Amino acid sequence: MPNPEPNNTSAHGRPGDPCVFVIFGATGDLTKRLLMPSLYNLLANKLLPDKFAIVGVSNVQMSSEDFRKQLGEEIKQFATTKVSDDLWKFFDQRISYMAGDFKDPATYTKLKSALETADKAHGTPGNYLFYTAVSPSFFGEIVKQLAGAGLTKETDGHWRRVIIEKPFGHDLESANALNREIGACIHENQTFRIDHYLGKETVQNIMAFRFGNGFFEPLWNNSYIDHVQITDAETVGVEQRGTFYEATGALRDMVPNHIMALVSLVAMEPPNSFESEPVRDEKTKVLRAIRPLKPEDVPRWAVRGQYGPGTLEGKPVPGYRAEPQVNPKSGTETYVALKLAIDNWRWAGVPIYLRTGKRMAKRVTEIAIKFKAPPALLFRQTGVKHLEQNELVLHIQPDEGISLSFSAKIPGPVVKLGGVDMNFKYADYFGSAPSTGYETLLLDCMLGDPALFQRADTVDAGWRVVDPILDAWKQTPAADFPNYAAGSAGPSAADELLKRDGRKWRNI
Ligand code: BG6
């Protein structure tokens, strides 16, 4: 067993700057499920500044005291570790709440005085971090109003930052419009577009694996790699998010953001340094090299699916059209598979296949690198007719790790080869630190490090990939929905996508 470096949740290894954390949408799901549990974990790891306060804003009428009580109850349910009363006191002394309409300038006047009060009470020096845990229709509005109230101006050495949640736009045009709207009020270095996939340790490890080791990077190109498969399968359905999902679908929900984050990390060139801008430059550059699909190519390169009723973990589950707030004749996709071509020197001729869907057989997010098979010449005189492709799999979740499969001789007098695996599991080496995946992101924001956040041009590049598909699908509604059973591996058309190229998806 190695002796690992201390497992610090931050690349910086120090607490965030003193600040007030303002949550718009403070009574919503994100606050209780992710934000408060993450802040709690940061506190438990001594990564929150002592000079810290939280101001919750939402349209629900409630006193600060009731808000604190509510958060105190919810944290017990949603924290990833056992909550200590002593630690919770830290928050209890630092949380306040105000009700307000996000569109009303009076809300921001009230907020300004709430922030001044917090600064005085907690010694926070005018640094404010605004988190938009609200419906996307408010993102631009909130930034505009904050700027209008003078709350985003960085003077006297303090900082003002805004975290924008996803979805960032619903297509290329709206994403760019939102970028312009926000860009007219605050600087790019104050804008933190969050993608929680970039907070996952295993996602961050992709760069460490590629660029911190000598053995794979020389093979990481079209001379040795046959193709790449990215799978992001979920067992959950749309839960209580029918209204959101009906207007969104799997393509918008997962691909321009989370999946593109994985594509960029796996396909980017080595950056000049690990500073935020060189890293974000390379990520964006490779996304820009993805060949945009022509309308006539969409049917052959993109597959959509919608789950029907089925069985999951032994239990019957309803089809998408029977979920709450879903149109019984819905044409919204809950599954998408794509073939992408990256037109650059490294990846020319290496297809990247990706698939993501709800209500699939198993929850698994992984990236499989399939290497080209060696020539079988050496084994001419033996029974071995065909050599398997070596496969490197980056297991992102839930069983975090890296595995490598290759061929070995099966013991015995006859030359026969069998597939074997080498498996590394994170938990075996580094233990498993229970986290929500948001901790690093929140901390980085408090420290002003945007490396793990999406830049405006990265968002643009992601939408450029999916926009032609959205357009084509809008023109031709799917005629075969539902086309996969809940609990299955997805629609058969997705198998065809690879079969046409003589390839096969990994088993889920
Ligand atoms: C969210 C999507 O951004 O990511 C959800 O809106 C999806 O539909 C979720 O379920 C997946 O995140 P994770 O961390 O569970 O893979």
# chains A, B, ... in the order shown; residues from 1 in each chain; ligands from 1
>>> residues_around(residues="A:Lys51", least_positions_apart="4", cutoff="6 Å", atoms="only C-alpha atoms", output="PyMOL selection string")
chain A and resi 18+122-124
>>> write_last_selection(atoms="N, CA and C atoms", output="short mmCIF file (atom, residue, chain, number, x, y, z; two decimals), in the first residue's frame")
data_model
loop_
_atom_site.label_atom_id
_atom_site.label_comp_id
_atom_site.auth_asym_id
_atom_site.auth_seq_id
_atom_site.Cartn_x
_atom_site.Cartn_y
_atom_site.Cartn_z
N PRO A 18 -12.20 35.18 3.20
CA PRO A 18 -13.38 35.64 3.94
C PRO A 18 -14.41 36.20 2.97
N HIS A 122 -19.68 39.88 10.91
CA HIS A 122 -18.78 38.73 10.77
C HIS A 122 -17.38 39.11 10.26
N GLY A 123 -17.17 40.38 10.06
CA GLY A 123 -15.84 40.82 9.64
C GLY A 123 -15.51 40.44 8.21
N THR A 124 -16.52 40.11 7.40
CA THR A 124 -16.27 39.79 5.99
C THR A 124 -15.98 41.12 5.27
#
>>> residues_around(residues="stretch 477-485 of chain A", least_positions_apart="6", cutoff="12 Å", atoms="only C-alpha atoms", output="PyMOL selection string")
chain A and resi 235+237+299+303-312+316-322+328-336+357-361+469-471+491-495
>>> residues_near_ligand(ligand="ligand 1", cutoff="10 Å", atoms="only C-alpha atoms and all ligand atoms", output="PyMOL selection string")
chain A and resi 165-167+195-200+232-239+241+244-245+248-250+252-255+257-258+334+356-358+363-365+396-398+436-438
>>> write_last_selection(atoms="N, CA and C atoms", output="short mmCIF file (atom, residue, chain, number, x, y, z; two decimals), in the first residue's frame")
data_model
loop_
_atom_site.label_atom_id
_atom_site.label_comp_id
_atom_site.auth_asym_id
_atom_site.auth_seq_id
_atom_site.Cartn_x
_atom_site.Cartn_y
_atom_site.Cartn_z
N GLU A 165 -25.49 28.56 -12.50
CA GLU A 165 -25.81 27.13 -12.58
C GLU A 165 -26.07 26.72 -14.02
N LYS A 166 -26.32 25.47 -14.24
CA LYS A 166 -26.71 24.99 -15.55
C LYS A 166 -28.23 24.82 -15.58
N PRO A 167 -28.90 24.71 -16.68
CA PRO A 167 -28.36 24.77 -18.02
C PRO A 167 -28.05 26.21 -18.45
N ASP A 195 -20.13 23.43 -13.75
CA ASP A 195 -20.52 22.13 -14.29
C ASP A 195 -20.05 21.13 -13.24
N HIS A 196 -20.98 20.52 -12.53
CA HIS A 196 -20.56 19.74 -11.36
C HIS A 196 -19.71 18.53 -11.73
N TYR A 197 -19.68 18.13 -13.02
CA TYR A 197 -18.81 17.02 -13.40
C TYR A 197 -17.35 17.38 -13.19
N LEU A 198 -17.03 18.66 -13.32
CA LEU A 198 -15.64 19.08 -13.16
C LEU A 198 -15.22 19.07 -11.69
N GLY A 199 -16.21 18.91 -10.80
CA GLY A 199 -15.88 18.82 -9.38
C GLY A 199 -15.62 17.38 -8.95
N LYS A 200 -15.92 16.43 -9.82
CA LYS A 200 -15.73 15.02 -9.45
C LYS A 200 -14.24 14.69 -9.47
N ASP A 232 -22.49 7.41 -20.04
CA ASP A 232 -22.99 8.05 -18.82
C ASP A 232 -24.42 7.57 -18.63
N ALA A 233 -24.54 6.41 -18.02
CA ALA A 233 -25.86 5.77 -17.88
C ALA A 233 -26.40 6.01 -16.48
N GLU A 234 -27.68 6.34 -16.42
CA GLU A 234 -28.31 6.56 -15.12
C GLU A 234 -29.46 5.57 -14.95
N THR A 235 -29.73 5.18 -13.72
CA THR A 235 -30.90 4.32 -13.48
C THR A 235 -32.11 5.17 -13.11
N VAL A 236 -31.86 6.37 -12.62
CA VAL A 236 -32.99 7.23 -12.24
C VAL A 236 -33.78 7.63 -13.49
N GLY A 237 -35.06 7.91 -13.25
CA GLY A 237 -35.87 8.46 -14.33
C GLY A 237 -35.85 9.97 -14.21
N VAL A 238 -36.96 10.64 -14.56
CA VAL A 238 -36.93 12.10 -14.47
C VAL A 238 -37.39 12.60 -13.11
N GLU A 239 -37.76 11.69 -12.23
CA GLU A 239 -38.17 12.01 -10.87
C GLU A 239 -39.23 13.11 -10.88
N ARG A 241 -38.86 16.09 -11.98
CA ARG A 241 -38.41 17.19 -12.84
C ARG A 241 -39.04 17.14 -14.23
N PHE A 244 -39.25 20.46 -16.29
CA PHE A 244 -37.92 20.86 -16.78
C PHE A 244 -37.47 19.92 -17.90
N TYR A 245 -37.65 18.63 -17.68
CA TYR A 245 -37.10 17.66 -18.61
C TYR A 245 -37.82 17.66 -19.95
N THR A 248 -36.31 20.07 -22.01
CA THR A 248 -34.85 19.99 -22.11
C THR A 248 -34.40 18.75 -22.90
N GLY A 249 -34.73 17.57 -22.38
CA GLY A 249 -34.31 16.33 -23.05
C GLY A 249 -32.86 15.98 -22.74
N ALA A 250 -32.51 14.73 -23.01
CA ALA A 250 -31.19 14.21 -22.64
C ALA A 250 -30.05 14.94 -23.35
N ARG A 252 -29.71 18.15 -24.46
CA ARG A 252 -29.38 19.43 -23.82
C ARG A 252 -28.92 19.25 -22.37
N ASP A 253 -29.56 18.32 -21.67
CA ASP A 253 -29.32 18.16 -20.24
C ASP A 253 -27.90 17.68 -19.95
N MET A 254 -27.37 16.82 -20.80
CA MET A 254 -26.10 16.16 -20.47
C MET A 254 -24.94 16.45 -21.42
N VAL A 255 -25.24 16.68 -22.71
CA VAL A 255 -24.13 16.64 -23.67
C VAL A 255 -23.30 17.93 -23.76
N ASN A 257 -22.60 20.11 -21.76
CA ASN A 257 -21.90 20.43 -20.52
C ASN A 257 -21.10 19.23 -20.02
N HIS A 258 -21.80 18.26 -19.35
CA HIS A 258 -21.08 17.17 -18.68
C HIS A 258 -20.27 16.31 -19.66
N THR A 334 -34.93 10.72 -23.81
CA THR A 334 -34.33 10.47 -22.49
C THR A 334 -33.00 9.75 -22.66
N THR A 356 -25.71 8.53 -23.36
CA THR A 356 -26.19 8.86 -22.03
C THR A 356 -27.69 8.67 -22.00
N GLY A 357 -28.20 8.18 -20.91
CA GLY A 357 -29.64 7.96 -20.85
C GLY A 357 -30.12 7.75 -19.44
N LYS A 358 -31.42 7.95 -19.29
CA LYS A 358 -32.07 7.71 -18.00
C LYS A 358 -32.68 6.32 -18.02
N ARG A 363 -26.22 2.18 -13.17
CA ARG A 363 -25.61 3.51 -13.13
C ARG A 363 -24.12 3.35 -13.39
N VAL A 364 -23.65 3.94 -14.45
CA VAL A 364 -22.21 3.86 -14.72
C VAL A 364 -21.78 5.03 -15.60
N THR A 365 -20.71 5.69 -15.18
CA THR A 365 -20.09 6.71 -16.02
C THR A 365 -18.65 6.28 -16.23
N ILE A 396 -15.49 6.58 -13.89
CA ILE A 396 -15.75 7.87 -13.23
C ILE A 396 -16.66 7.69 -12.01
N GLN A 397 -17.73 6.92 -12.16
CA GLN A 397 -18.63 6.63 -11.04
C GLN A 397 -19.53 5.46 -11.41
N PRO A 398 -20.08 4.71 -10.47
CA PRO A 398 -19.88 4.86 -9.04
C PRO A 398 -18.63 4.13 -8.52
N THR A 436 -19.85 15.71 -1.95
CA THR A 436 -20.95 15.92 -2.89
C THR A 436 -20.40 16.18 -4.28
N GLY A 437 -19.12 16.51 -4.39
CA GLY A 437 -18.54 16.89 -5.68
C GLY A 437 -18.55 18.40 -5.88
N TYR A 438 -19.24 19.12 -5.01
CA TYR A 438 -19.29 20.58 -5.16
C TYR A 438 -18.23 21.29 -4.31
#
>>> closest_residue(among="A:Ile23, A:Ala99, A:Ala118, A:Ile163", to="A:Leu443", atoms="only C-alpha atoms")
A:Ile163
>>> atom_distance(atom1="atom CA of A:Arg210", atom2="atom CA of A:Glu400")
16.3 Å
>>> atom_distance(atom1="atom CA of A:Ser174", atom2="atom CA of A:Ser135")
14.8 Å
>>> closest_atom_pairs(of="stretch 359-476 of chain A", to="stretch 39-50 of chain A", cutoff="12 Å", atoms="only C-alpha atoms", output="tab-separated table")
residue	atom	partner	partner_atom	distance
A:Ala433	CA	A:Asn41	CA	9.9
A:Pro434	CA	A:Asn41	CA	8.6
A:Ser435	CA	A:Asn41	CA	7.1
A:Thr436	CA	A:Asn41	CA	8.6
A:Gly437	CA	A:Asn41	CA	10.4
A:Tyr438	CA	A:Leu39	CA	8.7
A:Glu439	CA	A:Leu42	CA	6.3
A:Thr440	CA	A:Leu42	CA	8.5
A:Leu441	CA	A:Leu39	CA	10.7
A:Leu442	CA	A:Leu39	CA	8.0
A:Leu443	CA	A:Leu47	CA	7.5
A:Asp444	CA	A:Leu47	CA	10.6
A:Cys445	CA	A:Leu48	CA	11.9
A:Met446	CA	A:Leu48	CA	9.1
A:Leu447	CA	A:Pro49	CA	10.7
>>> write_last_selection(atoms="N, CA and C atoms", output="PDB file, in the first residue's frame")
ATOM      1  N   ALA A 433     -13.409   9.592   0.601  1.00  0.00           N
ATOM      2  CA  ALA A 433     -13.822  10.766   1.357  1.00  0.00           C
ATOM      3  C   ALA A 433     -15.222  11.127   0.897  1.00  0.00           C
ATOM      4  N   PRO A 434     -16.229  10.989   1.774  1.00  0.00           N
ATOM      5  CA  PRO A 434     -17.581  11.272   1.317  1.00  0.00           C
ATOM      6  C   PRO A 434     -17.721  12.746   0.929  1.00  0.00           C
ATOM      7  N   SER A 435     -18.134  12.996  -0.286  1.00  0.00           N
ATOM      8  CA  SER A 435     -18.269  14.393  -0.711  1.00  0.00           C
ATOM      9  C   SER A 435     -19.427  14.500  -1.688  1.00  0.00           C
ATOM     10  N   THR A 436     -19.847  15.713  -1.946  1.00  0.00           N
ATOM     11  CA  THR A 436     -20.947  15.918  -2.887  1.00  0.00           C
ATOM     12  C   THR A 436     -20.402  16.184  -4.284  1.00  0.00           C
ATOM     13  N   GLY A 437     -19.120  16.508  -4.390  1.00  0.00           N
ATOM     14  CA  GLY A 437     -18.543  16.887  -5.682  1.00  0.00           C
ATOM     15  C   GLY A 437     -18.550  18.399  -5.884  1.00  0.00           C
ATOM     16  N   TYR A 438     -19.243  19.122  -5.010  1.00  0.00           N
ATOM     17  CA  TYR A 438     -19.291  20.582  -5.160  1.00  0.00           C
ATOM     18  C   TYR A 438     -18.225  21.288  -4.308  1.00  0.00           C
ATOM     19  N   GLU A 439     -17.620  20.559  -3.371  1.00  0.00           N
ATOM     20  CA  GLU A 439     -16.728  21.215  -2.414  1.00  0.00           C
ATOM     21  C   GLU A 439     -15.595  21.975  -3.107  1.00  0.00           C
ATOM     22  N   THR A 440     -14.873  21.260  -3.980  1.00  0.00           N
ATOM     23  CA  THR A 440     -13.728  21.890  -4.639  1.00  0.00           C
ATOM     24  C   THR A 440     -14.185  23.100  -5.438  1.00  0.00           C
ATOM     25  N   LEU A 441     -15.341  22.959  -6.082  1.00  0.00           N
ATOM     26  CA  LEU A 441     -15.809  24.051  -6.933  1.00  0.00           C
ATOM     27  C   LEU A 441     -16.107  25.297  -6.094  1.00  0.00           C
ATOM     28  N   LEU A 442     -16.796  25.104  -4.964  1.00  0.00           N
ATOM     29  CA  LEU A 442     -17.128  26.259  -4.117  1.00  0.00           C
ATOM     30  C   LEU A 442     -15.856  26.886  -3.552  1.00  0.00           C
ATOM     31  N   LEU A 443     -14.956  26.025  -3.128  1.00  0.00           N
ATOM     32  CA  LEU A 443     -13.713  26.543  -2.555  1.00  0.00           C
ATOM     33  C   LEU A 443     -12.912  27.309  -3.613  1.00  0.00           C
ATOM     34  N   ASP A 444     -12.791  26.719  -4.793  1.00  0.00           N
ATOM     35  CA  ASP A 444     -12.031  27.390  -5.853  1.00  0.00           C
ATOM     36  C   ASP A 444     -12.622  28.759  -6.147  1.00  0.00           C
ATOM     37  N   CYS A 445     -13.933  28.831  -6.095  1.00  0.00           N
ATOM     38  CA  CYS A 445     -14.588  30.104  -6.362  1.00  0.00           C
ATOM     39  C   CYS A 445     -14.252  31.122  -5.266  1.00  0.00           C
ATOM     40  N   MET A 446     -14.235  30.647  -4.026  1.00  0.00           N
ATOM     41  CA  MET A 446     -13.874  31.560  -2.926  1.00  0.00           C
ATOM     42  C   MET A 446     -12.419  31.998  -3.034  1.00  0.00           C
ATOM     43  N   LEU A 447     -11.621  31.219  -3.772  1.00  0.00           N
ATOM     44  CA  LEU A 447     -10.208  31.572  -3.936  1.00  0.00           C
ATOM     45  C   LEU A 447      -9.942  32.241  -5.279  1.00  0.00           C
TER      46      LEU A 447
END
>>> residues_around(residues="A:Glu277", least_positions_apart="5", cutoff="10 Å", atoms="only C-alpha atoms", output="JSON, numbers by chain")
{"A": [271, 272, 282, 283, 450, 451, 455]}
>>> write_last_selection(atoms="N, CA and C atoms", output="short mmCIF file (atom, residue, chain, number, x, y, z; two decimals), in the first residue's frame")
data_model
loop_
_atom_site.label_atom_id
_atom_site.label_comp_id
_atom_site.auth_asym_id
_atom_site.auth_seq_id
_atom_site.Cartn_x
_atom_site.Cartn_y
_atom_site.Cartn_z
N PRO A 271 -1.65 21.06 -21.71
CA PRO A 271 -1.55 22.52 -21.59
C PRO A 271 -0.13 22.94 -21.22
N ASN A 272 0.21 24.20 -21.46
CA ASN A 272 1.56 24.68 -21.12
C ASN A 272 1.78 24.66 -19.62
N GLU A 282 -6.88 24.83 -23.92
CA GLU A 282 -6.75 23.52 -24.59
C GLU A 282 -8.09 22.78 -24.64
N LYS A 283 -8.86 22.90 -23.55
CA LYS A 283 -10.16 22.22 -23.53
C LYS A 283 -11.06 22.78 -24.62
N PRO A 450 -10.64 29.94 -11.50
CA PRO A 450 -11.71 29.51 -12.40
C PRO A 450 -11.39 28.25 -13.22
N ALA A 451 -10.27 27.58 -12.93
CA ALA A 451 -9.82 26.47 -13.79
C ALA A 451 -10.92 25.44 -14.03
N ARG A 455 -15.55 28.52 -19.39
CA ARG A 455 -15.40 29.86 -19.93
C ARG A 455 -16.47 30.08 -20.99
#
>>> select_by_dssp(residues="stretch 201-339 of chain A", states="strand (DSSP E)", output="mmCIF file with N, CA and C atoms, in the first residue's frame")
data_model
loop_
_atom_site.group_PDB
_atom_site.id
_atom_site.type_symbol
_atom_site.label_atom_id
_atom_site.label_comp_id
_atom_site.auth_asym_id
_atom_site.auth_seq_id
_atom_site.Cartn_x
_atom_site.Cartn_y
_atom_site.Cartn_z
ATOM 1 N N ILE A 225 -4.844 4.392 -30.989
ATOM 2 C CA ILE A 225 -6.214 4.265 -30.462
ATOM 3 C C ILE A 225 -7.171 4.033 -31.620
ATOM 4 N N ASP A 226 -8.021 3.032 -31.445
ATOM 5 C CA ASP A 226 -9.003 2.701 -32.482
ATOM 6 C C ASP A 226 -10.236 3.598 -32.337
ATOM 7 N N HIS A 227 -10.752 3.678 -31.121
ATOM 8 C CA HIS A 227 -11.895 4.559 -30.867
ATOM 9 C C HIS A 227 -12.047 4.761 -29.366
ATOM 10 N N VAL A 228 -12.922 5.696 -29.001
ATOM 11 C CA VAL A 228 -13.189 5.992 -27.592
ATOM 12 C C VAL A 228 -14.687 5.856 -27.360
ATOM 13 N N GLN A 229 -15.052 5.273 -26.226
ATOM 14 C CA GLN A 229 -16.483 5.165 -25.876
ATOM 15 C C GLN A 229 -16.717 5.877 -24.548
ATOM 16 N N ILE A 230 -17.651 6.785 -24.542
ATOM 17 C CA ILE A 230 -18.003 7.448 -23.278
ATOM 18 C C ILE A 230 -19.433 7.057 -22.937
ATOM 19 N N THR A 231 -19.616 6.506 -21.761
ATOM 20 C CA THR A 231 -20.951 6.084 -21.326
ATOM 21 C C THR A 231 -21.320 6.835 -20.055
ATOM 22 N N ASP A 232 -22.491 7.415 -20.039
ATOM 23 C CA ASP A 232 -22.988 8.052 -18.819
ATOM 24 C C ASP A 232 -24.423 7.571 -18.627
ATOM 25 N N ALA A 233 -24.537 6.407 -18.021
ATOM 26 C CA ALA A 233 -25.857 5.775 -17.885
ATOM 27 C C ALA A 233 -26.398 6.012 -16.481
ATOM 28 N N ALA A 302 -26.358 10.266 -35.017
ATOM 29 C CA ALA A 302 -26.996 10.567 -33.729
ATOM 30 C C ALA A 302 -28.229 9.684 -33.555
ATOM 31 N N VAL A 303 -28.373 9.148 -32.343
ATOM 32 C CA VAL A 303 -29.515 8.274 -32.044
ATOM 33 C C VAL A 303 -30.232 8.850 -30.837
ATOM 34 N N ARG A 304 -31.547 8.880 -30.888
ATOM 35 C CA ARG A 304 -32.287 9.338 -29.703
ATOM 36 C C ARG A 304 -33.202 8.216 -29.230
ATOM 37 N N GLY A 305 -33.493 8.245 -27.953
ATOM 38 C CA GLY A 305 -34.354 7.203 -27.405
ATOM 39 C C GLY A 305 -35.226 7.758 -26.301
ATOM 40 N N TYR A 307 -37.463 6.054 -22.857
ATOM 41 C CA TYR A 307 -37.772 4.785 -22.191
ATOM 42 C C TYR A 307 -39.261 4.556 -22.080
ATOM 43 N N GLY A 308 -39.595 3.287 -22.283
ATOM 44 C CA GLY A 308 -40.955 2.844 -22.037
ATOM 45 C C GLY A 308 -40.966 2.121 -20.696
ATOM 46 N N GLY A 310 -40.695 -0.758 -17.903
ATOM 47 C CA GLY A 310 -39.735 -1.861 -17.847
ATOM 48 C C GLY A 310 -39.497 -2.288 -16.418
ATOM 49 N N THR A 311 -38.409 -3.005 -16.223
ATOM 50 C CA THR A 311 -38.091 -3.520 -14.893
ATOM 51 C C THR A 311 -36.685 -3.063 -14.533
ATOM 52 N N LEU A 312 -36.580 -2.519 -13.344
ATOM 53 C CA LEU A 312 -35.276 -2.040 -12.903
ATOM 54 C C LEU A 312 -35.023 -2.575 -11.499
ATOM 55 N N LYS A 315 -37.854 -4.400 -10.014
ATOM 56 C CA LYS A 315 -39.150 -3.748 -9.779
ATOM 57 C C LYS A 315 -39.683 -3.141 -11.071
ATOM 58 N N PRO A 316 -41.017 -3.250 -11.279
ATOM 59 C CA PRO A 316 -41.555 -2.614 -12.489
ATOM 60 C C PRO A 316 -41.495 -1.095 -12.362
ATOM 61 N N VAL A 317 -41.117 -0.424 -13.442
ATOM 62 C CA VAL A 317 -41.100 1.048 -13.418
ATOM 63 C C VAL A 317 -41.864 1.574 -14.632
ATOM 64 N N TYR A 335 -32.617 9.560 -23.919
ATOM 65 C CA TYR A 335 -31.379 8.833 -24.241
ATOM 66 C C TYR A 335 -30.798 9.448 -25.498
ATOM 67 N N VAL A 336 -29.492 9.538 -25.554
ATOM 68 C CA VAL A 336 -28.860 9.960 -26.793
ATOM 69 C C VAL A 336 -27.525 9.233 -26.959
ATOM 70 N N ALA A 337 -27.267 8.834 -28.188
ATOM 71 C CA ALA A 337 -25.951 8.268 -28.531
ATOM 72 C C ALA A 337 -25.436 9.037 -29.741
ATOM 73 N N LEU A 338 -24.167 9.363 -29.731
ATOM 74 C CA LEU A 338 -23.590 10.142 -30.835
ATOM 75 C C LEU A 338 -22.244 9.572 -31.246
ATOM 76 N N LYS A 339 -21.946 9.792 -32.507
ATOM 77 C CA LYS A 339 -20.587 9.515 -32.980
ATOM 78 C C LYS A 339 -19.976 10.873 -33.318
#
>>> residues_around(residues="A:Lys112", least_positions_apart="3", cutoff="8 Å", atoms="only C-alpha atoms", output="JSON, numbers by chain")
{"A": [108, 109, 115, 116, 149, 151]}
>>> closest_residue(among="A:Trp463, A:Phe209, A:Tyr97, A:Trp473", to="A:Gly169", atoms="only C-alpha atoms")
A:Trp463
>>> residues_around(residues="A:Ile290", least_positions_apart="5", cutoff="7 Å", atoms="only C-alpha atoms", output="PyMOL selection string")
chain A and resi 340-343+465
>>> residues_around(residues="A:Ile186", least_positions_apart="2", cutoff="9 Å", atoms="only C-alpha atoms", output="MDAnalysis selection string")
chainID A and resid 143:144 147 152:153 161:162 182:184 188:191
>>> closest_residue(among="A:Asp66, A:Glu173, A:Glu496, A:Asp399", to="A:Val459", atoms="only C-alpha atoms")
A:Glu173
>>> residues_around(residues="A:Gln77", least_positions_apart="5", cutoff="10 Å", atoms="only C-alpha atoms", output="VMD selection string")
chain A and resid 32 to 33 37 71 to 72 82 to 83
>>> atom_distance(atom1="atom CA of A:Trp159", atom2="atom CA of A:Gly126")
7.3 Å
>>> select_by_dssp(residues="stretch 244-353 of chain A", states="helix (DSSP H, G or I)", output="VMD selection string")
chain A and resid 244 to 267 276 to 288 295 to 301 320 to 322
>>> decode(residues="stretch 348-353 of chain A", atoms="all heavy atoms", output="tab-separated table (two decimals), in the first residue's frame")
chain	number	residue	atom	x	y	z
A	348	ALA	N	-7.59	12.50	-35.89
A	348	ALA	CA	-8.17	12.23	-37.20
A	348	ALA	C	-8.39	10.73	-37.37
A	348	ALA	O	-7.48	9.93	-37.14
A	348	ALA	CB	-7.23	12.76	-38.28
A	349	GLY	N	-9.60	10.35	-37.72
A	349	GLY	CA	-9.90	8.94	-37.97
A	349	GLY	C	-10.26	8.13	-36.74
A	349	GLY	O	-10.53	6.93	-36.84
A	350	VAL	N	-10.27	8.76	-35.56
A	350	VAL	CA	-10.64	8.03	-34.33
A	350	VAL	C	-12.02	8.49	-33.87
A	350	VAL	O	-12.15	9.60	-33.35
A	350	VAL	CB	-9.63	8.30	-33.18
A	350	VAL	CG1	-10.02	7.51	-31.93
A	350	VAL	CG2	-8.22	7.97	-33.61
A	351	PRO	N	-13.05	7.69	-34.08
A	351	PRO	CA	-14.37	8.16	-33.63
A	351	PRO	C	-14.51	8.15	-32.11
A	351	PRO	O	-13.92	7.30	-31.43
A	351	PRO	CB	-15.35	7.16	-34.26
A	351	PRO	CG	-14.54	6.00	-34.69
A	351	PRO	CD	-13.10	6.41	-34.74
A	352	ILE	N	-15.23	9.12	-31.61
A	352	ILE	CA	-15.59	9.13	-30.19
A	352	ILE	C	-17.09	8.82	-30.17
A	352	ILE	O	-17.89	9.56	-30.73
A	352	ILE	CB	-15.40	10.53	-29.56
A	352	ILE	CG1	-14.06	11.15	-29.95
A	352	ILE	CG2	-15.65	10.52	-28.06
A	352	ILE	CD1	-12.91	10.87	-29.07
A	353	TYR	N	-17.45	7.71	-29.55
A	353	TYR	CA	-18.87	7.36	-29.41
A	353	TYR	C	-19.29	7.73	-28.00
A	353	TYR	O	-18.57	7.44	-27.04
A	353	TYR	CB	-19.08	5.86	-29.60
A	353	TYR	CG	-18.62	5.34	-30.94
A	353	TYR	CD1	-17.38	4.73	-31.08
A	353	TYR	CD2	-19.44	5.45	-32.06
A	353	TYR	CE1	-16.95	4.24	-32.31
A	353	TYR	CE2	-19.02	4.96	-33.29
A	353	TYR	CZ	-17.78	4.37	-33.41
A	353	TYR	OH	-17.37	3.88	-34.62
